[in-house]
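Raw contents of input.tsv, TSV, C-alpha atoms:
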```tsv
chain	number	residue	atom	x	y	z
A	10	MET	CA	296.80	262.58	98.98
A	11	SER	CA	296.98	260.61	95.74
A	12	LYS	CA	294.23	260.63	93.09
A	13	LYS	CA	293.53	256.98	93.95
A	14	GLN	CA	293.05	257.84	97.65
A	15	LYS	CA	290.79	260.79	96.79
A	16	SER	CA	288.71	258.55	94.51
A	17	ALA	CA	288.38	255.88	97.20
A	18	LYS	CA	287.36	258.49	99.77
A	19	SER	CA	284.78	260.07	97.50
A	20	SER	CA	283.27	256.68	96.63
A	21	LYS	CA	282.31	255.91	100.25
A	22	PRO	CA	278.52	256.02	100.74
A	23	SER	CA	277.22	258.93	102.75
A	24	ARG	CA	275.54	257.95	105.99
A	25	ARG	CA	272.99	260.77	105.68
A	26	PRO	CA	271.22	261.82	102.51
A	27	LYS	CA	271.92	265.32	101.31
A	28	GLY	CA	270.39	267.93	99.02
A	29	PRO	CA	267.29	266.74	97.14
A	30	ALA	CA	267.04	263.56	99.22
A	31	ARG	CA	266.74	265.59	102.41
A	32	ARG	CA	264.21	267.97	100.87
A	33	SER	CA	262.26	264.95	99.64
A	34	ALA	CA	262.24	263.55	103.16
A	35	ARG	CA	260.87	266.83	104.54
A	36	GLY	CA	258.28	266.90	101.79
A	37	LEU	CA	257.13	263.39	102.55
A	38	MET	CA	256.82	264.12	106.25
A	39	SER	CA	254.93	267.31	105.50
A	40	ILE	CA	252.32	265.29	103.61
A	41	ALA	CA	252.28	262.46	106.18
A	42	THR	CA	251.58	264.79	109.10
A	43	SER	CA	249.03	267.03	107.41
A	44	PRO	CA	245.40	266.36	108.48
A	45	SER	CA	244.23	268.26	105.39
A	46	LYS	CA	245.73	265.68	103.04
A	47	HIS	CA	243.76	262.64	101.87
A	48	VAL	CA	244.34	259.44	103.85
A	49	LYS	CA	245.76	257.68	100.78
A	50	GLU	CA	248.30	260.48	100.28
A	51	ARG	CA	249.38	260.36	103.90
A	52	VAL	CA	249.72	256.56	103.89
A	53	ALA	CA	251.72	256.67	100.66
A	54	ALA	CA	254.03	259.31	102.13
A	55	LEU	CA	254.64	257.23	105.24
A	56	GLU	CA	255.30	254.16	103.13
A	57	GLU	CA	258.01	256.06	101.26
A	58	ALA	CA	259.34	257.72	104.40
A	59	PRO	CA	260.98	254.95	106.47
A	60	LEU	CA	264.54	255.69	105.31
A	61	ALA	CA	263.88	259.38	105.73
A	62	VAL	CA	262.54	258.76	109.21
A	63	SER	CA	265.65	256.77	110.04
A	64	TYR	CA	267.98	259.50	108.83
A	65	HIS	CA	266.14	262.41	110.37
A	66	ASP	CA	265.54	261.81	114.04
A	67	GLU	CA	263.60	265.08	114.24
A	68	ASN	CA	260.79	263.32	112.36
A	69	LEU	CA	260.46	260.45	114.79
A	70	PRO	CA	258.50	262.24	117.54
A	71	GLU	CA	255.97	263.43	114.97
A	72	VAL	CA	255.45	259.91	113.61
A	73	LEU	CA	255.07	258.67	117.19
A	74	ARG	CA	252.44	261.35	117.77
A	75	ILE	CA	250.47	260.08	114.77
A	76	LEU	CA	250.65	256.50	116.01
A	77	GLY	CA	249.38	257.39	119.47
A	78	ASP	CA	246.64	259.83	118.39
A	79	GLU	CA	243.19	258.18	118.47
A	80	ASN	CA	241.82	261.02	116.34
A	81	GLU	CA	244.07	260.11	113.41
A	82	PRO	CA	242.69	257.69	110.77
A	83	THR	CA	243.48	254.02	111.46
A	84	LYS	CA	245.21	253.51	108.10
A	85	VAL	CA	247.52	256.45	108.73
A	86	ARG	CA	248.37	255.17	112.22
A	87	LEU	CA	249.12	251.70	110.86
A	88	ALA	CA	251.41	253.23	108.25
A	89	ALA	CA	253.12	255.21	111.01
A	90	LEU	CA	253.66	252.01	112.98
A	91	GLN	CA	255.22	250.34	109.95
A	92	ALA	CA	257.50	253.33	109.37
A	93	LEU	CA	258.59	253.28	113.02
A	94	GLN	CA	259.30	249.55	112.92
A	95	THR	CA	261.55	250.10	109.91
A	96	ALA	CA	263.22	253.10	111.54
A	97	SER	CA	263.88	251.13	114.74
A	98	PHE	CA	266.48	249.03	112.89
A	99	ASN	CA	268.68	252.13	112.75
A	100	ALA	CA	269.77	251.80	116.38
A	101	VAL	CA	271.70	255.08	116.55
A	102	ALA	CA	269.02	257.33	115.06
A	103	PHE	CA	266.23	255.57	116.94
A	104	ALA	CA	267.86	255.45	120.37
A	105	PRO	CA	266.54	258.85	121.60
A	106	VAL	CA	262.90	257.82	121.09
A	107	ARG	CA	263.05	254.08	121.83
A	108	GLY	CA	261.58	254.52	125.30
A	109	GLU	CA	258.77	256.70	123.98
A	110	TYR	CA	258.17	254.20	121.17
A	111	MET	CA	257.64	251.37	123.65
A	112	ALA	CA	255.37	253.56	125.79
A	113	THR	CA	253.32	254.49	122.72
A	114	LEU	CA	253.00	250.85	121.70
A	115	ARG	CA	251.71	249.97	125.18
A	116	LYS	CA	249.18	252.77	124.89
A	117	VAL	CA	248.06	251.61	121.43
A	118	ALA	CA	247.80	248.04	122.74
A	119	LYS	CA	244.68	249.23	124.59
A	120	ASP	CA	243.33	251.31	121.67
A	121	PRO	CA	239.62	251.03	120.77
A	122	ASP	CA	240.59	249.92	117.24
A	123	PRO	CA	241.12	246.12	117.18
A	124	GLU	CA	243.54	246.16	114.23
A	125	LEU	CA	245.79	248.68	115.93
A	126	ARG	CA	245.64	246.73	119.18
A	127	GLU	CA	246.68	243.52	117.44
A	128	ASN	CA	249.54	245.16	115.56
A	129	ALA	CA	250.89	246.95	118.62
A	130	LEU	CA	250.67	243.82	120.76
A	131	GLY	CA	252.36	241.87	117.98
A	132	VAL	CA	255.36	244.20	117.99
A	133	LEU	CA	255.54	244.12	121.79
A	134	ALA	CA	255.21	240.32	121.95
A	135	ARG	CA	258.02	239.83	119.44
A	136	ARG	CA	260.14	242.01	121.71
A	137	LYS	CA	259.13	239.79	124.67
A	138	ASP	CA	257.64	242.79	126.44
A	139	GLY	CA	256.39	242.05	129.95
A	140	PHE	CA	253.44	244.44	129.68
A	141	ALA	CA	252.13	242.67	126.58
A	142	GLN	CA	252.55	239.22	128.11
A	143	LYS	CA	250.67	240.30	131.23
A	144	LYS	CA	247.77	241.77	129.24
A	145	LEU	CA	247.53	238.74	126.95
A	146	LEU	CA	247.45	236.36	129.92
A	147	GLU	CA	244.86	238.50	131.71
A	148	GLY	CA	242.65	238.29	128.65
A	149	LEU	CA	242.87	234.51	128.53
A	150	GLN	CA	242.04	234.24	132.23
A	151	ASP	CA	239.23	236.82	132.12
A	152	PRO	CA	237.55	237.30	128.70
A	153	GLU	CA	236.12	240.67	129.83
A	154	LYS	CA	239.69	242.01	129.97
A	155	ALA	CA	240.74	240.49	126.66
A	156	LEU	CA	242.43	242.83	124.20
A	157	LEU	CA	242.43	240.16	121.47
A	158	PRO	CA	240.51	236.99	120.65
A	159	PRO	CA	242.02	234.00	122.55
A	160	GLU	CA	243.51	232.39	119.44
A	161	LYS	CA	245.38	235.61	118.58
A	162	ALA	CA	246.58	236.04	122.16
A	163	LEU	CA	247.93	232.48	122.18
A	164	GLN	CA	249.76	233.06	118.90
A	165	LEU	CA	251.51	236.10	120.38
A	166	LEU	CA	252.35	234.35	123.64
A	167	SER	CA	254.15	231.68	121.63
A	168	TYR	CA	256.95	234.19	120.96
A	169	ASP	CA	258.05	233.72	124.57
A	170	PRO	CA	256.33	230.64	126.04
A	171	HIS	CA	256.71	230.12	129.80
A	172	ALA	CA	254.96	228.42	132.73
A	173	GLU	CA	252.08	230.93	133.01
A	174	ALA	CA	251.43	230.79	129.26
A	175	TYR	CA	251.44	226.99	129.33
A	176	GLN	CA	248.95	226.96	132.19
A	177	ALA	CA	246.64	229.35	130.35
A	178	ALA	CA	246.92	227.20	127.22
A	179	ARG	CA	245.99	224.05	129.18
A	180	GLU	CA	242.86	225.78	130.45
A	181	ILE	CA	241.92	226.68	126.88
A	182	VAL	CA	242.42	223.06	125.77
A	183	ARG	CA	240.17	221.87	128.60
A	184	ARG	CA	237.46	224.48	127.96
A	185	PRO	CA	238.03	225.95	124.49
A	186	PRO	CA	235.82	228.89	123.48
A	187	ASN	CA	236.22	227.80	119.85
A	188	ASP	CA	238.15	225.36	117.66
A	189	ASP	CA	240.73	227.95	116.60
A	190	SER	CA	241.69	228.77	120.18
A	191	ARG	CA	242.04	225.07	121.04
A	192	ARG	CA	244.33	224.55	118.06
A	193	GLU	CA	246.49	227.56	118.96
A	194	ALA	CA	246.68	226.44	122.58
A	195	LEU	CA	247.98	223.07	121.41
A	196	ARG	CA	250.52	224.77	119.17
A	197	LEU	CA	251.78	226.75	122.17
A	198	LEU	CA	251.98	223.60	124.30
A	199	SER	CA	254.01	221.82	121.63
A	200	ALA	CA	257.08	223.42	123.23
A	201	ASP	CA	256.21	222.10	126.71
A	202	ALA	CA	257.80	218.73	127.52
A	203	LYS	CA	255.22	218.17	130.27
A	204	ALA	CA	252.47	218.09	127.64
A	205	SER	CA	253.68	214.78	126.16
A	206	PRO	CA	250.93	212.61	127.77
A	207	MET	CA	248.24	214.93	126.43
A	208	PHE	CA	249.61	214.79	122.89
A	209	GLU	CA	249.94	211.00	123.09
A	210	LYS	CA	246.27	210.76	124.02
A	211	LEU	CA	245.20	213.13	121.25
A	212	LEU	CA	247.27	211.30	118.65
A	213	ARG	CA	245.63	207.98	119.47
A	214	ASP	CA	242.08	209.38	119.73
A	215	LYS	CA	240.36	208.50	116.45
A	216	SER	CA	237.50	210.87	117.23
A	217	GLU	CA	239.81	213.88	117.06
A	218	PRO	CA	240.03	215.91	113.83
A	219	LEU	CA	242.87	214.90	111.52
A	220	GLU	CA	244.57	218.30	111.96
A	221	ILE	CA	244.71	217.87	115.75
A	222	ARG	CA	246.17	214.38	115.48
A	223	GLN	CA	248.78	215.56	112.97
A	224	LEU	CA	249.64	218.52	115.21
A	225	SER	CA	250.01	216.10	118.13
A	226	ALA	CA	252.39	213.90	116.13
A	227	ALA	CA	254.53	216.95	115.28
A	228	ALA	CA	254.55	218.05	118.92
A	229	LEU	CA	255.66	214.60	120.09
A	230	HIS	CA	258.42	214.57	117.51
A	231	ALA	CA	259.72	217.77	119.11
A	232	ILE	CA	259.28	217.01	122.81
A	233	ASN	CA	259.26	213.20	123.07
A	234	PRO	CA	260.42	211.52	119.84
A	235	GLU	CA	260.74	208.07	121.44
A	236	LYS	CA	257.06	208.10	122.37
A	237	LEU	CA	256.16	209.16	118.84
A	238	GLN	CA	258.03	206.15	117.48
A	239	GLU	CA	256.14	203.83	119.85
A	240	HIS	CA	252.77	205.21	118.83
A	241	ALA	CA	253.69	205.32	115.16
A	242	ARG	CA	254.41	201.59	115.26
A	243	GLU	CA	251.06	200.83	116.92
A	244	ILE	CA	249.21	203.04	114.45
A	245	VAL	CA	250.79	201.28	111.46
A	246	LEU	CA	249.81	197.90	112.92
A	247	ASP	CA	246.19	199.02	113.45
A	248	PRO	CA	244.08	198.15	110.37
A	249	SER	CA	241.28	200.48	111.52
A	250	GLU	CA	243.45	203.60	111.52
A	251	GLN	CA	242.94	206.60	109.22
A	252	ASP	CA	244.97	206.53	106.02
A	253	ASP	CA	246.54	209.96	106.57
A	254	ILE	CA	247.62	209.10	110.11
A	255	GLN	CA	249.08	205.80	108.96
A	256	ALA	CA	250.99	207.55	106.19
A	257	ALA	CA	252.35	210.12	108.67
A	258	SER	CA	253.35	207.35	111.06
A	259	LEU	CA	255.14	205.49	108.29
A	260	ALA	CA	257.02	208.66	107.44
A	261	ALA	CA	258.04	209.07	111.09
A	262	LEU	CA	259.33	205.50	111.22
A	263	THR	CA	261.11	205.84	107.89
A	264	ASN	CA	262.89	209.09	108.65
A	265	PHE	CA	263.50	208.89	112.40
A	266	GLY	CA	263.12	205.25	113.44
A	267	ASP	CA	265.74	203.03	115.05
A	268	GLY	CA	267.00	201.09	112.04
A	269	GLU	CA	268.23	198.08	113.99
A	270	ALA	CA	265.06	197.73	116.04
A	271	ILE	CA	262.89	198.12	112.95
A	272	ALA	CA	264.83	195.53	110.97
A	273	ASN	CA	264.23	192.99	113.77
A	274	ASP	CA	260.53	193.81	114.13
A	275	LYS	CA	258.99	190.99	112.09
A	276	ALA	CA	255.39	191.96	112.80
A	277	LEU	CA	255.98	195.52	111.65
A	278	MET	CA	257.90	194.49	108.54
A	279	LYS	CA	255.19	192.01	107.56
A	280	ARG	CA	252.45	194.62	108.03
A	281	ILE	CA	254.26	197.25	105.97
A	282	ASP	CA	255.04	194.78	103.22
A	283	ARG	CA	251.31	194.10	102.97
A	284	LEU	CA	250.47	197.82	103.00
A	285	SER	CA	252.91	198.38	100.12
A	286	SER	CA	250.68	196.35	97.84
A	287	GLU	CA	247.16	196.52	99.30
A	288	ALA	CA	246.76	199.93	100.97
A	289	PRO	CA	245.25	203.10	99.49
A	290	THR	CA	247.66	205.15	97.38
A	291	THR	CA	248.92	207.55	100.09
A	292	VAL	CA	249.69	204.73	102.53
A	293	LYS	CA	251.06	202.50	99.79
A	294	GLN	CA	253.59	205.14	98.71
A	295	SER	CA	254.73	205.68	102.30
A	296	ALA	CA	255.03	201.93	102.83
A	297	ARG	CA	257.18	201.56	99.73
A	298	GLN	CA	259.45	204.40	100.85
A	299	PHE	CA	259.84	202.62	104.18
A	300	LEU	CA	260.72	199.33	102.49
A	301	GLY	CA	263.11	201.14	100.19
A	302	LYS	CA	265.08	202.08	103.29
A	303	TYR	CA	264.59	199.09	105.59
A	304	GLY	CA	263.34	196.27	103.34
A	305	GLN	CA	265.48	193.25	102.74
```
Once you've parsed the file, please lay out its structure as structure tokens.
Amino acid sequence: MSKKQKSAKSSKPSRRPKGPARRSARGLMSIATSPSKHVKERVAALEEAPLAVSYHDENLPEVLRILGDENEPTKVRLAALQALQTASFNAVAFAPVRGEYMATLRKVAKDPDPELRENALGVLARRKDGFAQKKLLEGLQDPEKALLPPEKALQLLSYDPHAEAYQAAREIVRRPPNDDSRREALRLLSADAKASPMFEKLLRDKSEPLEIRQLSAAALHAINPEKLQEHAREIVLDPSEQDDIQAASLAALTNFGDGEAIANDKALMKRIDRLSSEAPTTVKQSARQFLGKYGQ
């Protein structure tokens, strides 16, 4: 073997740390798993340990034990969860404990500590886990079984929206326990094409909060852009409309409108020309941007 070949071979990165790095990993895990150490020390050790955890599969069961142990401090368990999430990206090293990891997460999803429950359910929801989806839906249908507040459950269900989640969200919109849950239910439904009529109604309802009307416009842009264009035109023509909604409607027409149809719409062009000189600043700027594109 030539010197060049030896040099190239020796320059390849090692897949497993050796010597001091390995001893450091053992030292970190010794601190992390010791009940006699201060919580801050244990958390710090786990925060430094993810690479070590990934390289040393013998550490993984012990970190899983910490995560699932209700007698361990919450901060230490949260740090263990973060370390395990990082370690899970090393598919080879993590494979032997992946099943136990999922089982532990499902156990922690029912933990008495609300922060741990939310974090565990978050990891499961992002993995589109059936157990998590079932528990989140159960909680929306029966508040006594809820593992999370409804707005948080809806956020997590949005990772994998489907018919049952949409139905639960519609019930929340009809009878919202609070404003946050109604807003999150609408966000979830913004991926449901069947919700178009509801969003059209909300967009045109001047008694609705501005945020809800803006959310409805964004949802229509995603699921029924033609309807958004129709309503945007009517909103711009309505002199009693809110300034922010008119500005948003002008932006929708400017960026996504049918250029030929707009150019031939004399009533719309006349109205926007007037807004460009007489409207409040926000609307005036949007009107001028529109005319800059479509004006003659």
Of the candidates A:Val101, A:Ala96, A:Leu211, A:Leu87, which shows the shortest atom-to-atom distance to Asp122 (chain A), using all atoms listed in the file? A:Leu87
Taking (247.5, 234.1, 114.1) as a centre in this file's frame and 12 Å as the limit, can you find every polymer residue with an atom that close, using all atoms listed in the file, and give them as a PyMOL selection string? chain A and resi 127-128+131+157-168+189-190+192-194+196-197
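Each of A:Leu55, A:Ile232, A:Ala256, A:Ala227 was compared to Val292 (chain A) using all atoms listed in the file, and A:Ala256 turns out to be the nearest.
The two atoms in question, CA of Gln255 (chain A) and CA of Leu195 (chain A), are spaced 21.3 Å apart.
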Residues near Pro105 (chain A), cut-off 10 Å, only C-alpha atoms, skip fewer than 4 positions along chain, as a list in words: Asp66, Leu69, Pro70, Ala100, Val101, Glu109 and Tyr110 of chain A
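Of the listed residues A:Ala112, A:Leu277, A:Leu149, A:Pro234, the one whose atoms come nearest to Leu133 (chain A) is A:Ala112, with distances taken using only C-alpha atoms.
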Could you give me, as number ranges by chain, the residues that sit within 9 Å of (241.8, 219.6, 114.4) in the file's coordinates, counting only C-alpha atoms? A: 188-189, 191-192, 217-224
Can you tell me which residues surround Lys84 (chain A) at a distance of at most 8 Å, considering only C-alpha atoms, apart from same-chain residues fewer than 4 positions away, and format the answer as JSON, numbers by chain? {"A": [48, 52, 88]}
Same residues, C-alpha atoms, saved as a compact mmCIF listing (two decimals), keeping the file's coordinate frame:
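Final output, saved to again14.txt:
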```txt
# COMPACT_ATOMS: atom_id res chain seq x y z
CA VAL A 48 244.34 259.44 103.85
CA VAL A 52 249.72 256.56 103.89
CA ALA A 88 251.41 253.23 108.25
```
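Reported to one decimal place, the separation of CA of Glu67 (chain A) from CA of Arg35 (chain A) is 10.2 Å.
Coordinates place CA of Glu124 (chain A) at a distance of 21.6 Å from CA of Gln150 (chain A).
Counting all atoms listed in the file, the residue from A:Asp201, A:Asp151, A:Glu243, A:Glu56 that sits nearest to Gln91 (chain A) is A:Glu56.
Minimum distance to Gln251 (chain A) across A:Arg297, A:Lys46, A:Lys215, A:Lys143 (counting only C-alpha atoms) occurs at A:Lys215.
Residues in contact with Leu262 (chain A) at up to 8 Å, not including ones fewer than 2 positions away on its chain and judged by all atoms listed in the file, are Gln238, Ala241, Arg242, Ser258, Leu259, Ala260, Asn264, Phe265, Gly266, Asp267 and Phe299 of chain A.
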Atom completion result for region 46-61 of chain A (N, CA and C atoms) as an mmCIF file, in the coordinates of the input:
```cif
data_model
loop_
_atom_site.group_PDB
_atom_site.id
_atom_site.type_symbol
_atom_site.label_atom_id
_atom_site.label_comp_id
_atom_site.auth_asym_id
_atom_site.auth_seq_id
_atom_site.Cartn_x
_atom_site.Cartn_y
_atom_site.Cartn_z
ATOM 1 N N LYS A 46 245.469 266.549 104.169
ATOM 2 C CA LYS A 46 245.730 265.680 103.040
ATOM 3 C C LYS A 46 244.843 264.437 103.108
ATOM 4 N N HIS A 47 244.570 263.849 101.939
ATOM 5 C CA HIS A 47 243.760 262.640 101.870
ATOM 6 C C HIS A 47 244.503 261.488 102.549
ATOM 7 N N VAL A 48 243.741 260.585 103.142
ATOM 8 C CA VAL A 48 244.340 259.440 103.850
ATOM 9 C C VAL A 48 245.293 258.670 102.955
ATOM 10 N N LYS A 49 244.903 258.435 101.703
ATOM 11 C CA LYS A 49 245.760 257.680 100.780
ATOM 12 C C LYS A 49 247.099 258.379 100.562
ATOM 13 N N GLU A 50 247.059 259.714 100.462
ATOM 14 C CA GLU A 50 248.300 260.480 100.280
ATOM 15 C C GLU A 50 249.207 260.347 101.499
ATOM 16 N N ARG A 51 248.597 260.427 102.670
ATOM 17 C CA ARG A 51 249.380 260.360 103.900
ATOM 18 C C ARG A 51 249.996 258.972 104.084
ATOM 19 N N VAL A 52 249.207 257.932 103.784
ATOM 20 C CA VAL A 52 249.720 256.560 103.890
ATOM 21 C C VAL A 52 250.866 256.355 102.906
ATOM 22 N N ALA A 53 250.670 256.818 101.675
ATOM 23 C CA ALA A 53 251.720 256.670 100.660
ATOM 24 C C ALA A 53 252.997 257.385 101.085
ATOM 25 N N ALA A 54 252.856 258.561 101.673
ATOM 26 C CA ALA A 54 254.030 259.310 102.130
ATOM 27 C C ALA A 54 254.768 258.562 103.225
ATOM 28 N N LEU A 55 254.008 257.986 104.162
ATOM 29 C CA LEU A 55 254.640 257.230 105.240
ATOM 30 C C LEU A 55 255.295 255.943 104.731
ATOM 31 N N GLU A 56 254.707 255.365 103.691
ATOM 32 C CA GLU A 56 255.300 254.160 103.130
ATOM 33 C C GLU A 56 256.623 254.450 102.424
ATOM 34 N N GLU A 57 256.751 255.665 101.908
ATOM 35 C CA GLU A 57 258.010 256.060 101.260
ATOM 36 C C GLU A 57 259.011 256.623 102.264
ATOM 37 N N ALA A 58 258.518 256.963 103.456
ATOM 38 C CA ALA A 58 259.340 257.720 104.400
ATOM 39 C C ALA A 58 260.276 256.929 105.296
ATOM 40 N N PRO A 59 260.173 255.596 105.443
ATOM 41 C CA PRO A 59 260.980 254.950 106.470
ATOM 42 C C PRO A 59 262.447 255.318 106.488
ATOM 43 N N LEU A 60 263.123 255.326 105.320
ATOM 44 C CA LEU A 60 264.540 255.690 105.310
ATOM 45 C C LEU A 60 264.718 257.135 105.750
ATOM 46 N N ALA A 61 263.792 257.981 105.314
ATOM 47 C CA ALA A 61 263.880 259.380 105.730
ATOM 48 C C ALA A 61 263.703 259.498 107.236
#
```
